[in-house]
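S.K.: Input file: query.txt. Contents: compact mmCIF, N, CA and C atoms.
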```txt
# COMPACT_ATOMS: atom_id res chain seq x y z
N LYS B 1 -33.58 20.75 -5.14
CA LYS B 1 -34.27 21.21 -6.32
C LYS B 1 -34.05 20.29 -7.51
N SER B 2 -33.12 19.36 -7.38
CA SER B 2 -32.81 18.46 -8.47
C SER B 2 -33.71 17.22 -8.42
N LYS B 3 -34.30 16.89 -9.55
CA LYS B 3 -35.14 15.69 -9.61
C LYS B 3 -34.30 14.43 -9.41
N LYS B 4 -33.07 14.46 -9.89
CA LYS B 4 -32.20 13.30 -9.74
C LYS B 4 -31.90 13.04 -8.26
N MET B 5 -31.72 14.10 -7.48
CA MET B 5 -31.44 13.93 -6.06
C MET B 5 -32.63 13.27 -5.36
N TYR B 6 -33.85 13.68 -5.71
CA TYR B 6 -35.04 13.07 -5.11
C TYR B 6 -35.18 11.61 -5.53
N TYR B 7 -34.87 11.32 -6.77
CA TYR B 7 -34.95 9.95 -7.27
C TYR B 7 -33.94 9.05 -6.56
N VAL B 8 -32.70 9.49 -6.49
CA VAL B 8 -31.65 8.71 -5.82
C VAL B 8 -31.96 8.57 -4.33
N SER B 9 -32.44 9.62 -3.71
CA SER B 9 -32.79 9.57 -2.29
C SER B 9 -33.96 8.62 -2.05
N ALA B 10 -34.94 8.62 -2.94
CA ALA B 10 -36.06 7.70 -2.80
C ALA B 10 -35.60 6.25 -2.89
N LEU B 11 -34.69 5.99 -3.82
CA LEU B 11 -34.14 4.64 -3.91
C LEU B 11 -33.41 4.26 -2.63
N LYS B 12 -32.58 5.17 -2.15
CA LYS B 12 -31.75 4.90 -0.97
C LYS B 12 -32.57 4.82 0.31
N LEU B 13 -33.54 5.69 0.47
CA LEU B 13 -34.24 5.82 1.75
C LEU B 13 -35.58 5.07 1.81
N VAL B 14 -36.12 4.68 0.68
CA VAL B 14 -37.42 4.01 0.69
C VAL B 14 -37.32 2.60 0.09
N LEU B 15 -36.86 2.50 -1.13
CA LEU B 15 -36.86 1.21 -1.81
C LEU B 15 -35.89 0.21 -1.17
N LEU B 16 -34.66 0.61 -0.92
CA LEU B 16 -33.70 -0.32 -0.33
C LEU B 16 -34.10 -0.79 1.07
N PRO B 17 -34.60 0.08 1.96
CA PRO B 17 -35.08 -0.45 3.25
C PRO B 17 -36.24 -1.43 3.11
N ILE B 18 -37.15 -1.18 2.17
CA ILE B 18 -38.27 -2.10 1.97
C ILE B 18 -37.77 -3.46 1.50
N ILE B 19 -36.84 -3.45 0.56
CA ILE B 19 -36.28 -4.71 0.06
C ILE B 19 -35.51 -5.43 1.17
N GLY B 20 -34.69 -4.69 1.90
CA GLY B 20 -33.91 -5.30 2.99
C GLY B 20 -34.78 -5.88 4.09
N VAL B 21 -35.82 -5.16 4.47
CA VAL B 21 -36.71 -5.63 5.53
C VAL B 21 -37.53 -6.83 5.04
N ALA B 22 -37.96 -6.81 3.80
CA ALA B 22 -38.69 -7.96 3.26
C ALA B 22 -37.81 -9.21 3.29
N PHE B 23 -36.56 -9.05 2.92
CA PHE B 23 -35.61 -10.17 2.98
C PHE B 23 -35.40 -10.62 4.42
N ALA B 24 -35.28 -9.67 5.34
CA ALA B 24 -35.07 -10.01 6.76
C ALA B 24 -36.30 -10.71 7.34
N ILE B 25 -37.49 -10.27 6.96
CA ILE B 25 -38.71 -10.93 7.44
C ILE B 25 -38.77 -12.37 6.93
N GLY B 26 -38.42 -12.56 5.68
CA GLY B 26 -38.39 -13.92 5.13
C GLY B 26 -37.39 -14.80 5.84
N CYS B 27 -36.19 -14.27 6.07
CA CYS B 27 -35.17 -15.04 6.79
C CYS B 27 -35.57 -15.29 8.23
N ALA B 28 -36.19 -14.31 8.88
CA ALA B 28 -36.60 -14.47 10.28
C ALA B 28 -37.66 -15.55 10.41
N LYS B 29 -38.59 -15.60 9.47
CA LYS B 29 -39.62 -16.64 9.52
C LYS B 29 -39.04 -18.01 9.20
N LEU B 30 -38.14 -18.05 8.24
CA LEU B 30 -37.53 -19.31 7.83
C LEU B 30 -36.63 -19.88 8.92
N LEU B 31 -35.88 -19.01 9.57
CA LEU B 31 -34.90 -19.45 10.58
C LEU B 31 -35.37 -19.25 12.01
N SER B 32 -36.61 -18.83 12.19
CA SER B 32 -37.20 -18.60 13.52
C SER B 32 -36.37 -17.59 14.34
N LEU B 33 -36.06 -16.45 13.73
CA LEU B 33 -35.31 -15.40 14.40
C LEU B 33 -36.26 -14.38 15.02
N SER B 34 -35.76 -13.60 15.95
CA SER B 34 -36.61 -12.62 16.63
C SER B 34 -36.81 -11.37 15.77
N ALA B 35 -37.74 -10.54 16.20
CA ALA B 35 -38.04 -9.30 15.49
C ALA B 35 -36.89 -8.30 15.60
N ASP B 36 -35.99 -8.51 16.55
CA ASP B 36 -34.83 -7.61 16.68
C ASP B 36 -33.95 -7.63 15.43
N ILE B 37 -33.85 -8.77 14.79
CA ILE B 37 -33.08 -8.87 13.55
C ILE B 37 -33.70 -8.01 12.46
N ILE B 38 -35.01 -8.02 12.40
CA ILE B 38 -35.72 -7.22 11.39
C ILE B 38 -35.51 -5.74 11.68
N LEU B 39 -35.61 -5.34 12.93
CA LEU B 39 -35.41 -3.93 13.29
C LEU B 39 -33.98 -3.48 13.02
N ALA B 40 -33.01 -4.35 13.30
CA ALA B 40 -31.61 -4.01 13.03
C ALA B 40 -31.37 -3.83 11.54
N THR B 41 -31.98 -4.69 10.75
CA THR B 41 -31.87 -4.56 9.29
C THR B 41 -32.49 -3.26 8.82
N PHE B 42 -33.65 -2.93 9.38
CA PHE B 42 -34.31 -1.67 9.02
C PHE B 42 -33.41 -0.47 9.33
N VAL B 43 -32.84 -0.45 10.52
CA VAL B 43 -31.98 0.67 10.92
C VAL B 43 -30.80 0.79 9.97
N CYS B 44 -30.19 -0.32 9.63
CA CYS B 44 -29.03 -0.29 8.73
C CYS B 44 -29.37 0.25 7.35
N PHE B 45 -30.50 -0.19 6.81
CA PHE B 45 -30.87 0.23 5.46
C PHE B 45 -31.50 1.62 5.39
N ALA B 46 -32.12 2.09 6.48
CA ALA B 46 -32.86 3.34 6.44
C ALA B 46 -32.01 4.58 6.71
N MET B 47 -30.78 4.40 7.14
CA MET B 47 -29.93 5.54 7.46
C MET B 47 -29.50 6.30 6.20
N PRO B 48 -29.28 7.59 6.33
CA PRO B 48 -28.85 8.38 5.16
C PRO B 48 -27.40 8.06 4.78
N THR B 49 -26.99 8.60 3.66
CA THR B 49 -25.63 8.42 3.18
C THR B 49 -24.64 8.97 4.20
N ALA B 50 -23.58 8.24 4.43
CA ALA B 50 -22.59 8.64 5.43
C ALA B 50 -21.84 9.89 4.99
N GLY B 51 -21.48 10.71 5.97
CA GLY B 51 -20.72 11.92 5.69
C GLY B 51 -19.32 11.63 5.15
N LEU B 52 -18.87 10.42 5.35
CA LEU B 52 -17.55 10.03 4.87
C LEU B 52 -17.50 9.94 3.35
N ALA B 53 -18.66 9.90 2.70
CA ALA B 53 -18.71 9.79 1.24
C ALA B 53 -17.97 10.93 0.56
N SER B 54 -18.12 12.14 1.08
CA SER B 54 -17.44 13.28 0.46
C SER B 54 -15.93 13.20 0.66
N THR B 55 -15.50 12.71 1.80
CA THR B 55 -14.07 12.56 2.06
C THR B 55 -13.47 11.52 1.12
N LEU B 56 -14.17 10.40 0.96
CA LEU B 56 -13.68 9.36 0.05
C LEU B 56 -13.69 9.85 -1.39
N ALA B 57 -14.71 10.61 -1.77
CA ALA B 57 -14.74 11.17 -3.13
C ALA B 57 -13.56 12.11 -3.35
N ASP B 58 -13.21 12.89 -2.34
CA ASP B 58 -12.08 13.81 -2.45
C ASP B 58 -10.76 13.05 -2.55
N GLN B 59 -10.61 12.01 -1.75
CA GLN B 59 -9.36 11.25 -1.76
C GLN B 59 -9.14 10.50 -3.06
N HIS B 60 -10.22 10.12 -3.72
CA HIS B 60 -10.10 9.32 -4.95
C HIS B 60 -10.48 10.11 -6.19
N ASP B 61 -10.36 11.42 -6.11
CA ASP B 61 -10.61 12.32 -7.25
C ASP B 61 -12.00 12.11 -7.86
N GLY B 62 -12.99 11.97 -7.00
CA GLY B 62 -14.37 11.78 -7.44
C GLY B 62 -15.14 13.09 -7.41
N ASP B 63 -16.43 12.99 -7.54
CA ASP B 63 -17.33 14.15 -7.56
C ASP B 63 -17.66 14.55 -6.11
N VAL B 64 -16.85 15.43 -5.54
CA VAL B 64 -17.02 15.84 -4.15
C VAL B 64 -18.32 16.61 -3.98
N GLU B 65 -18.61 17.52 -4.87
CA GLU B 65 -19.85 18.31 -4.77
C GLU B 65 -21.08 17.41 -4.85
N GLY B 66 -21.05 16.44 -5.72
CA GLY B 66 -22.16 15.50 -5.83
C GLY B 66 -22.32 14.68 -4.56
N ALA B 67 -21.20 14.25 -3.98
CA ALA B 67 -21.26 13.47 -2.74
C ALA B 67 -21.84 14.31 -1.61
N VAL B 68 -21.44 15.56 -1.51
CA VAL B 68 -21.98 16.44 -0.48
C VAL B 68 -23.46 16.69 -0.72
N PHE B 69 -23.82 16.90 -1.97
CA PHE B 69 -25.21 17.15 -2.36
C PHE B 69 -26.12 15.99 -1.97
N TYR B 70 -25.72 14.77 -2.31
CA TYR B 70 -26.54 13.60 -2.00
C TYR B 70 -26.52 13.27 -0.51
N THR B 71 -25.41 13.51 0.16
CA THR B 71 -25.35 13.29 1.60
C THR B 71 -26.30 14.23 2.32
N LEU B 72 -26.28 15.49 1.96
CA LEU B 72 -27.18 16.46 2.58
C LEU B 72 -28.63 16.15 2.26
N GLY B 73 -28.91 15.80 1.01
CA GLY B 73 -30.28 15.49 0.60
C GLY B 73 -30.84 14.30 1.34
N THR B 74 -30.06 13.21 1.42
CA THR B 74 -30.58 12.03 2.11
C THR B 74 -30.71 12.26 3.61
N THR B 75 -29.84 13.08 4.17
CA THR B 75 -29.92 13.37 5.61
C THR B 75 -31.20 14.15 5.92
N ILE B 76 -31.50 15.15 5.12
CA ILE B 76 -32.70 15.95 5.35
C ILE B 76 -33.96 15.12 5.11
N LEU B 77 -34.00 14.35 4.04
CA LEU B 77 -35.18 13.56 3.73
C LEU B 77 -35.38 12.40 4.71
N SER B 78 -34.30 11.92 5.32
CA SER B 78 -34.44 10.80 6.26
C SER B 78 -35.18 11.21 7.53
N ILE B 79 -35.25 12.50 7.79
CA ILE B 79 -36.02 12.98 8.94
C ILE B 79 -37.49 12.58 8.79
N ALA B 80 -37.98 12.52 7.57
CA ALA B 80 -39.36 12.12 7.33
C ALA B 80 -39.48 10.63 7.03
N THR B 81 -38.54 10.07 6.27
CA THR B 81 -38.70 8.70 5.81
C THR B 81 -38.52 7.66 6.91
N ILE B 82 -37.59 7.89 7.83
CA ILE B 82 -37.35 6.89 8.88
C ILE B 82 -38.58 6.69 9.76
N PRO B 83 -39.19 7.75 10.31
CA PRO B 83 -40.39 7.51 11.12
C PRO B 83 -41.56 6.92 10.33
N LEU B 84 -41.74 7.35 9.09
CA LEU B 84 -42.85 6.82 8.29
C LEU B 84 -42.65 5.35 7.97
N LEU B 85 -41.44 4.97 7.60
CA LEU B 85 -41.17 3.57 7.31
C LEU B 85 -41.24 2.72 8.58
N TYR B 86 -40.84 3.29 9.72
CA TYR B 86 -40.94 2.55 10.97
C TYR B 86 -42.40 2.28 11.32
N LEU B 87 -43.26 3.27 11.10
CA LEU B 87 -44.69 3.05 11.34
C LEU B 87 -45.23 1.95 10.42
N LEU B 88 -44.82 1.95 9.19
CA LEU B 88 -45.22 0.91 8.24
C LEU B 88 -44.69 -0.45 8.69
N LEU B 89 -43.46 -0.48 9.14
CA LEU B 89 -42.85 -1.73 9.59
C LEU B 89 -43.54 -2.27 10.84
N SER B 90 -43.96 -1.40 11.72
CA SER B 90 -44.59 -1.85 12.96
C SER B 90 -45.92 -2.56 12.70
N VAL B 91 -46.51 -2.34 11.55
CA VAL B 91 -47.73 -3.04 11.18
C VAL B 91 -47.43 -4.51 10.84
N PHE B 92 -46.25 -4.76 10.28
CA PHE B 92 -45.92 -6.09 9.78
C PHE B 92 -45.20 -6.97 10.79
N ILE B 93 -44.63 -6.40 11.85
CA ILE B 93 -43.94 -7.26 12.83
C ILE B 93 -44.58 -7.17 14.18
```
Write the structure described by the file as structure tokens, please.

M.R.:
Amino acid sequence: KSKKMYYVSALKLVLLPIIGVAFAIGCAKLLSLSADIILATFVCFAMPTAGLASTLADQHDGDVEGAVFYTLGTTILSIATIPLLYLLLSVFI
């Protein structure tokens, strides 16, 4: 329900994978690498926030509730963003 959560999730799940894949495509063309490198980069960037974030926030006296909130939000939203971005990526490689 928080606009900030949607904004942060959009950055994490949409913008960063697009930037990472664009960089990987450029490197793959420049260095003659296979499409597997691009797909690996996509998988790395498109994954939701790790569940370990809340544990680390707790250990270092951080915002545990915020970490849980963003972890849950990105995990739920990644159910839609990963397949959609993969379809978009399959057009370019």

S.K.: Could you work out how far atom C of Leu89 (chain B) lies from atom N of Tyr6 (chain B), giving the answer in Å with one decimal?

M.R.: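 Here the two named atoms are 24.9 Å from each other.
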
S.K.: Under the rule that all atoms listed in the file are counted, which of B:Lys29, B:Leu15, B:Phe42, B:Ala50 is the nearest residue to Leu72 (chain B)?

M.R.: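 The closest residue to Leu72 (chain B) is B:Ala50.
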
S.K.: Which one of B:Leu30, B:Ala40, B:Leu13, B:Val8 sits closest to Ile82 (chain B) if you count all atoms listed in the file?

M.R.: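 The shortest atom-to-atom distance to Ile82 (chain B) comes from B:Leu13.
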
S.K.: Rounded to one decimal place, report the atom N of Ile93 (chain B)-CA of Ala80 (chain B) distance in Å.

M.R.: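 A separation of 19.8 Å between them.
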
S.K.: Using only N, CA and C atoms, determine which residues lie at most 8 Å from region 53-55 of chain B, disregarding the query and same-chain residues fewer than 6 positions distant; provide the list as number ranges by chain.

M.R.: B: 61, 63-69, 71

S.K.: Include N, CA and C atoms and write out the residues we just selected as a PDB file, keeping the file's coordinate frame.

M.R.:
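File out-v6.pdb, as written:
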```
ATOM      1  N   ASP B  61     -10.360  11.420  -6.110  1.00  0.00           N
ATOM      2  CA  ASP B  61     -10.610  12.320  -7.250  1.00  0.00           C
ATOM      3  C   ASP B  61     -12.000  12.110  -7.860  1.00  0.00           C
ATOM      4  N   ASP B  63     -16.430  12.990  -7.540  1.00  0.00           N
ATOM      5  CA  ASP B  63     -17.330  14.150  -7.560  1.00  0.00           C
ATOM      6  C   ASP B  63     -17.660  14.550  -6.110  1.00  0.00           C
ATOM      7  N   VAL B  64     -16.850  15.430  -5.540  1.00  0.00           N
ATOM      8  CA  VAL B  64     -17.020  15.840  -4.150  1.00  0.00           C
ATOM      9  C   VAL B  64     -18.320  16.610  -3.980  1.00  0.00           C
ATOM     10  N   GLU B  65     -18.610  17.520  -4.870  1.00  0.00           N
ATOM     11  CA  GLU B  65     -19.850  18.310  -4.770  1.00  0.00           C
ATOM     12  C   GLU B  65     -21.080  17.410  -4.850  1.00  0.00           C
ATOM     13  N   GLY B  66     -21.050  16.440  -5.720  1.00  0.00           N
ATOM     14  CA  GLY B  66     -22.160  15.500  -5.830  1.00  0.00           C
ATOM     15  C   GLY B  66     -22.320  14.680  -4.560  1.00  0.00           C
ATOM     16  N   ALA B  67     -21.200  14.250  -3.980  1.00  0.00           N
ATOM     17  CA  ALA B  67     -21.260  13.470  -2.740  1.00  0.00           C
ATOM     18  C   ALA B  67     -21.840  14.310  -1.610  1.00  0.00           C
ATOM     19  N   VAL B  68     -21.440  15.560  -1.510  1.00  0.00           N
ATOM     20  CA  VAL B  68     -21.980  16.440  -0.480  1.00  0.00           C
ATOM     21  C   VAL B  68     -23.460  16.690  -0.720  1.00  0.00           C
ATOM     22  N   PHE B  69     -23.820  16.900  -1.970  1.00  0.00           N
ATOM     23  CA  PHE B  69     -25.210  17.150  -2.360  1.00  0.00           C
ATOM     24  C   PHE B  69     -26.120  15.990  -1.970  1.00  0.00           C
ATOM     25  N   THR B  71     -25.410  13.510   0.160  1.00  0.00           N
ATOM     26  CA  THR B  71     -25.350  13.290   1.600  1.00  0.00           C
ATOM     27  C   THR B  71     -26.300  14.230   2.320  1.00  0.00           C
TER      28      THR B  71
END
```

S.K.: Take CA of Ala22 (chain B) and CA of Ala10 (chain B) and report the distance between them in Å, one decimal.

M.R.: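 If I compute the distance from CA of Ala22 (chain B) to CA of Ala10 (chain B), I get 17.0 Å.
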
S.K.: Running DSSP on the backbone, which parts of chain B land in alpha helix (DSSP H), as a VMD selection string?

M.R.: chain B and resid 3 to 10 16 to 31 35 to 46 52 to 59 64 to 92

S.K.: So, with only C-alpha atoms as the atoms that count, which of B:Thr75, B:His60, B:Tyr86, B:Tyr7 lies closest to Thr41 (chain B)?

M.R.: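 Closest to Thr41 (chain B) of all the choices is B:Tyr86.
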
S.K.: Identify which of the residues B:Ile38, B:Lys3, B:Gln59, B:Pro48 lies closest to Ile79 (chain B), counting only C-alpha atoms when measuring atom-to-atom distances.

M.R.: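 Among the listed residues, B:Pro48 lies closest to Ile79 (chain B).
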
S.K.: If the box runs along x, y and z of the file and leaves 3 Å on each side of region 32-37 of chain B, what are its centre and edge lengths in Å, one decimal, as AutoDock Vina command-line options?

M.R.:
```
--center_x -35.6 --center_y -13.2 --center_z 14.4 --size_x 11.0 --size_y 17.2 --size_z 10.5
```
